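Visitor: If you scroll down you'll find the structure; I have some questions about it.
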Amino acid sequence: MKAKKLAALLLAGIMVFSLVACGNSEQETVAPVPEAETPAPDPTPTPAPVATPEPRGEASIDFADGNYGFIAMYTTPVNADNSELSLVDWNGGKAVQVSNVDGQKSYIAIDIGSVLGNDIANLAGIDMTIGVSHEGGFSPVSGKYHAWVGSELDSSKTDPFSVYLATKNPNLGIASKIIDLFTVGTDNLLIMYLDTDLGPEQDNGFANFYIGDIRFFDSAGNTLKGDSAVAFNVPDGFVSSGGMDMNHYYLVDAVELPGFAVSAGGWSQAGIPIDDEIRALFVPGSIIEVAYSCPDEWAPLWLVGQGDSVGGWSRAVDEGNGYASVGTPAANGGSIQFSYEQLATVWGEGWETDLVVLEAEGCEAWEVYSVTVGMPNNFAKLGNVTELPGFAVSSGGWGQAGIEIDDAIRALFVPGSVIEVNYSCPDEWTPLWLVGQGDSVGGWSRAVDEGNGYATLGDVGGSGVIQFAYEDLAAFWGDGWETDLVKLEAEGCEAWEVFSVTVGNRFARATNMQELDGFAVSAGGWAQAGIDVNDDIRALFTPGMVMNVNYSCPGEWTPMWPVGQGDSVGGWSRAVHEDDGYRTVGIAAPGFVQFTYEQFVSIWGDGWETEMVKIEMEGCEPWEVYSVLVGRAK
């Protein structure tokens with residue numbers, strides 16, 4: 001059956017982490033640790049499980065009633081896969097299938113608080129039947145259980161789960177250590193983090209992961225009955241905002257083009273006629289976003305125009321470069337954005353003037369789900385995030401509440417930093433603004449455009465989340481606004497509640513991403529592994545470069561850093577702040593870190609790539625890199 005896509009639950013439950021000091025500058029560099037031997041791929045497909053774990057009692061939920069609305073995907077982490085959920089026949093019964101669609105990590109949220117109700121007080125353990133299948137044969141997967149309590153994820157305790165052997169597929173996943181983190185009277189979610197999938201490494205493709213019978217039990221081992229008919233209750237701080245890819249712009253005042261849910265075979269076109277109302281949306285600065293799929297999920301999609309202003313009939317594609325799209329694909333696949341200016345590079349300025357038909361086309365069979373047009377803002381996912389303690393506050397309309405500012409908080413407010421506020425109010429689109437107190441902001445001052453209906457200075461990323469860049473506030477309060485700041489508060493024109501305020505850095509949006517072959521490597525703590533650098537790779541390392549690294553390590557918040565070899569980096573050198581607790585020069589989030597060419601320059605100097613012969617990764621704990629992609633900043 002066709003997988004049901006759930007709306008991505010983004011941007012308001014950002015995992016809070018701090019980049020901890022790793023080792024010391026006197027740590028010896030050791031030789032790379034040999035990788036553990038990986039089981040060879042099973043040459044035969046495994047469409048069905050081959051083993052059944054011993055039952056542990058009557059299941060609380062067996063999915064026989066078809067209900068699984070209490071499960072959703074948690075997609076806040078930047079390395080999260082916007083996986084598809086569906087109910088399938090599996091292991092002699094029913095199960096929820098989690099289909100990885102883009103090779104990132106799957107975070108599965110189970111609303112056990114709603115399912116168990118008051119019985120959450122009697123919960124002593126959880127077990128569930130879990131399994132895996134790959135298109136090319138069996139490959140191991142593993143992950144962890146976390147607890148989401150109230151309005152944030154608590155990673156202080158974890159329980160592991162895995163399906164590591166074909167003879168133990170399915171397996172039994174057990175959560176026990178995290179149980180005492182759940183709190184009666186608040187929102188409780190079980191977050192399953194599927195962080196390792198050896199399918200791609202073993203040429204078996206991405207995993208389909210299965211969750212079968214779930215059993216909740218008390219301290220005596222008795223099964224607790226669960227209510228499978230409940231809907232997923234989105235807790236405070238876990239706000240649904242529609243799903244934004246880290247390479248894409250958030251679109252303001254977006255309008256969906258009616259009738260543009262179409263499909264066709266390879267090299268065929270389908271679309272809609274363009275009238276004056278639609279034509280008026282195509283203005284400089286606007287962006288067209290196309291949500292689509294095709295059998296090869298990375299096959300490009302492009303637009304085809306008809307009309308005198310595009311030369312009669314014309315593809316907006318780089319035909320001389322293997323039909324490379326002029327648009328920007330999502331980092332996670334499944335959508336692509338075309339700016340007015342990108343289309344103008346092919347069709348020329350004023351391409352919309354006489355446009356009469358707009359269609360989609362691809363080199364393989366494809367399906368478009370929707371096409372929207374809007375104006376972008378600067379809202380983006382954040383890394384290097386620090387939560388401001390005590391900023392869970394509320395007030396009535398025109399009332400203020402916030403926190404005192406000390407030197408530690410003041411040090412976070414630097415050029416390039418971004419303050420993100422997660423909040424709610426009765427009118428969900430009511431803006432929220434910041435109020436500062438201190439000599440550097442003129443004593444007491446609202447950072448809002450009072451002369452324009454109290455229009456916010458921030459970038460709204462959907463209902464209930466807004467970002468204020470340092471520069472946004474400086475445009476109002478002046479440079480150095482943080483210098484004498486003694487208090488920072490929130491305010492709105494209606495009753496409001498703030499769940500959290502965090503400070504971090506925006507990840508750079510990138511296009512033309514290319515994966516560096518052979519950079520799926522691993523090593524022990526303080527050991528390095530990577531690839532040789534040839535002329536083709538060296539040509540990617542130029543000003544404006546963005547490097548995205550997807551990885552994991554036992555201490556999942558531990559940062560990674562690159563190590564270069566070659567005369568242009570001084571022979572052998574770490575690109576990390578060694579004198580500051582091995583603080584990364586990049587922007588980091590759980591399982592993901594991003595570096596720019598310019599950040600490397602700050603350590604290695606201009607022209608660092610010129611004579612580089614090898615680039616490796618390193619961390620202070622055992623680590624594994626899944627992929628390294630290099631592209632251009634937008």
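Each chain in the structure tokens gets a letter, A, B, ..., in the order shown, and its residues are numbered from 1; ligands are numbered from 1 in order too.
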Would you list the contacts of A:Val393 as a list in words, taking every protein, DNA or RNA residue within 7 Å and counting only C-alpha atoms, but skipping same-chain residues closer than 2 positions in sequence?

Guide: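 Returned residues: Phe391, Ala401, Gly402, Glu497, Val498 and Phe499 of chain A.
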
Visitor: Could you pull out all residues of stretch 391-605 of chain A with a DSSP call of strand (DSSP E) and give them as a PyMOL selection string?

Guide: chain A and resi 394-395+400-404+417-424+432-438+443-449+455-456+459-460+465-469+485-492+496-506+510-515+521-523+528-532+545-552+561-566+571-574+576-577+583-584+587-589+592-596

Visitor: Excluding same-chain residues fewer than 5 positions from A:Ala475, what lies within 12 Å of it counting only C-alpha atoms, as a list of chain:residue names?

Guide: A:Pro415, A:Val441, A:Ala447, A:Val448, A:Asp449, A:Leu457, A:Gly458, A:Phe468, A:Ala469, A:Tyr470, A:Gly480, A:Trp481

Visitor: Go ahead and write the residues just picked, C-alpha atoms, as a tab-separated table (two decimals), in the first residue's frame.

Guide:
```tsv
chain	number	residue	atom	x	y	z
A	415	PRO	CA	27.32	38.59	15.19
A	441	VAL	CA	19.25	49.19	24.29
A	447	ALA	CA	12.55	45.17	19.24
A	448	VAL	CA	9.52	45.45	16.98
A	449	ASP	CA	8.27	47.69	14.18
A	457	LEU	CA	11.66	41.82	13.16
A	458	GLY	CA	12.17	38.07	13.22
A	468	PHE	CA	15.80	36.71	15.64
A	469	ALA	CA	19.27	37.08	14.14
A	470	TYR	CA	21.81	39.24	15.97
A	480	GLY	CA	26.62	46.07	20.48
A	481	TRP	CA	23.06	45.91	21.79
```

Visitor: At a cut-off of 12 Å, can you tabulate as a tab-separated table every residue of stretch 188-265 of chain A near stretch 515-520 of chain A together with its closest atom pair and the distance in Å to one decimal, using only C-alpha atoms and ordering rows by chain then number?

Guide:
```
residue	atom	partner	partner_atom	distance
A:Leu198	CA	A:Ala520	CA	10.6
A:Pro200	CA	A:Ala520	CA	10.1
A:Glu201	CA	A:Ala520	CA	7.9
A:Gln202	CA	A:Ala520	CA	11.4
```

Visitor: Report, in Å to a single decimal, how far apart atom CA of A:Glu319 and atom CA of A:Glu349 are.

Guide: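 Those two atoms sit 19.5 Å apart.
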
Visitor: At a cut-off of 10 Å, using only C-alpha atoms, what residues contact A:Leu165? Leave out same-chain residues fewer than 5 positions from it and give the result as a PDB file with C-alpha atoms, in the first residue's frame.

Guide:
```pdb
ATOM      1  CA  PRO A  39      28.864  -9.521   8.194  1.00  0.00           C
ATOM      2  CA  PHE A 138      19.720  -8.788   5.137  1.00  0.00           C
ATOM      3  CA  SER A 139      21.795  -6.030   6.733  1.00  0.00           C
ATOM      4  CA  PRO A 140      22.076  -5.152  10.435  1.00  0.00           C
ATOM      5  CA  VAL A 141      20.490  -2.095  12.016  1.00  0.00           C
ATOM      6  CA  PRO A 170      12.720 -10.065  14.045  1.00  0.00           C
ATOM      7  CA  ASN A 171      14.221  -9.390  17.434  1.00  0.00           C
TER       8      ASN A 171
END
```

Visitor: Quick one: everything within 9 Å of A:Leu343, counting only C-alpha atoms, minus sequence neighbours fewer than 3 positions away in the same chain. Send it as a PyMOL selection string.

Guide: chain A and resi 303+316-317+326-327+338-340+346-349+351

Visitor: Using the selection just defined, write its residues with C-alpha atoms as a PDB file, in the first residue's frame.

Guide:
```
ATOM      1  CA  LEU A 303      10.364  22.711 -15.349  1.00  0.00           C
ATOM      2  CA  ALA A 316      14.705  25.117 -17.621  1.00  0.00           C
ATOM      3  CA  VAL A 317      17.611  22.695 -17.277  1.00  0.00           C
ATOM      4  CA  VAL A 326      18.939  24.576 -12.319  1.00  0.00           C
ATOM      5  CA  GLY A 327      16.961  24.250  -9.093  1.00  0.00           C
ATOM      6  CA  PHE A 338      13.453  26.949  -8.268  1.00  0.00           C
ATOM      7  CA  SER A 339      14.055  30.624  -7.606  1.00  0.00           C
ATOM      8  CA  TYR A 340      12.870  33.236 -10.086  1.00  0.00           C
ATOM      9  CA  VAL A 346      17.939  29.816 -18.649  1.00  0.00           C
ATOM     10  CA  TRP A 347      14.855  31.689 -19.824  1.00  0.00           C
ATOM     11  CA  GLY A 348      15.977  35.283 -19.302  1.00  0.00           C
ATOM     12  CA  GLU A 349      14.508  38.127 -17.252  1.00  0.00           C
ATOM     13  CA  TRP A 351      10.337  34.823 -18.460  1.00  0.00           C
TER      14      TRP A 351
END
```

Visitor: Atom CA of A:Val163 and atom CA of A:Ser106 are how many Å apart?

Guide: 14.9 Å

Visitor: For A:Cys425, find every residue with an atom within 8 Å (counting only C-alpha atoms), except residues of its own chain fewer than 5 positions away, and show them as number ranges by chain.

Guide: A: 430, 464, 494-497

Visitor: Would you please work out which residue, of A:Tyr68, A:Tyr249, A:Phe600, A:Trp526, is nearest to A:Arg509 when using only C-alpha atoms?

Guide: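 Closest candidate: A:Tyr249.
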
Visitor: Which residue, A:Thr186, A:Asn247, A:Asn550, A:Ser424, has the smallest gap to A:Phe507 when you use only C-alpha atoms?

Guide: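 Closest residue, counting only C-alpha atoms: A:Asn247.
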
Visitor: Could you find all residues in stretch 262-452 of chain A that DSSP calls helix (DSSP H, G or I) from the backbone, and write them as a list in words?

Guide: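 The residues of stretch 262-452 of chain A classed as helix (DSSP H, G or I) are Asp276, Glu277, Ile278, Arg279, Asp308, Ser309, Val310, Glu319, Gly320, Asn321, Tyr340, Glu341, Gln342, Leu343, Ala344, Thr345, Val346, Trp347, Asp407, Ala408, Ile409, Arg410, Asp439, Ser440, Val441, Glu450, Gly451 and Asn452 of chain A.
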
Visitor: A:Ala474, A:Met375, A:Val368, A:Val630: which is nearest A:Gly416, counting only C-alpha atoms?

Guide: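 Looking at the shortest contact to A:Gly416, the residue is A:Ala474.
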
Visitor: Give the answer as one residue: which of A:Ile191, A:Val569, A:Val628, A:Val304 has the shortest atom-to-atom distance to A:Asp606, using only C-alpha atoms?

Guide: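 Smallest separation from A:Asp606 among the options: A:Val569.
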
Visitor: Under the rule that only C-alpha atoms are counted, which of A:Lys487, A:Leu190, A:Ser395, A:Cys363 is the nearest residue to A:Arg410?

Guide: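 Using only C-alpha atoms, A:Arg410 sits closest to A:Lys487.
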
Visitor: Grab the atom CA of A:Glu491 to atom CA of A:Tyr250 distance for me, in Å with one decimal place.

Guide: 23.9 Å

Visitor: Can you work out which one of A:Trp608, A:Trp433, A:Phe541, A:Trp302 has the shortest atom-to-atom distance to A:Gly564, counting only C-alpha atoms?

Guide: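 Comparing A:Trp608, A:Trp433, A:Phe541, A:Trp302 against A:Gly564, the winner is A:Trp608.
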
Visitor: Env of stretch 280-287 of chain A: 12 Å cut, atoms = only C-alpha atoms, seq-sep filter 6 positions within chain, self excluded. Answer as an MDAnalysis selection string.

Guide: chainID A and resid 248:257 274 327:328 336:344 348:355 358 371:377
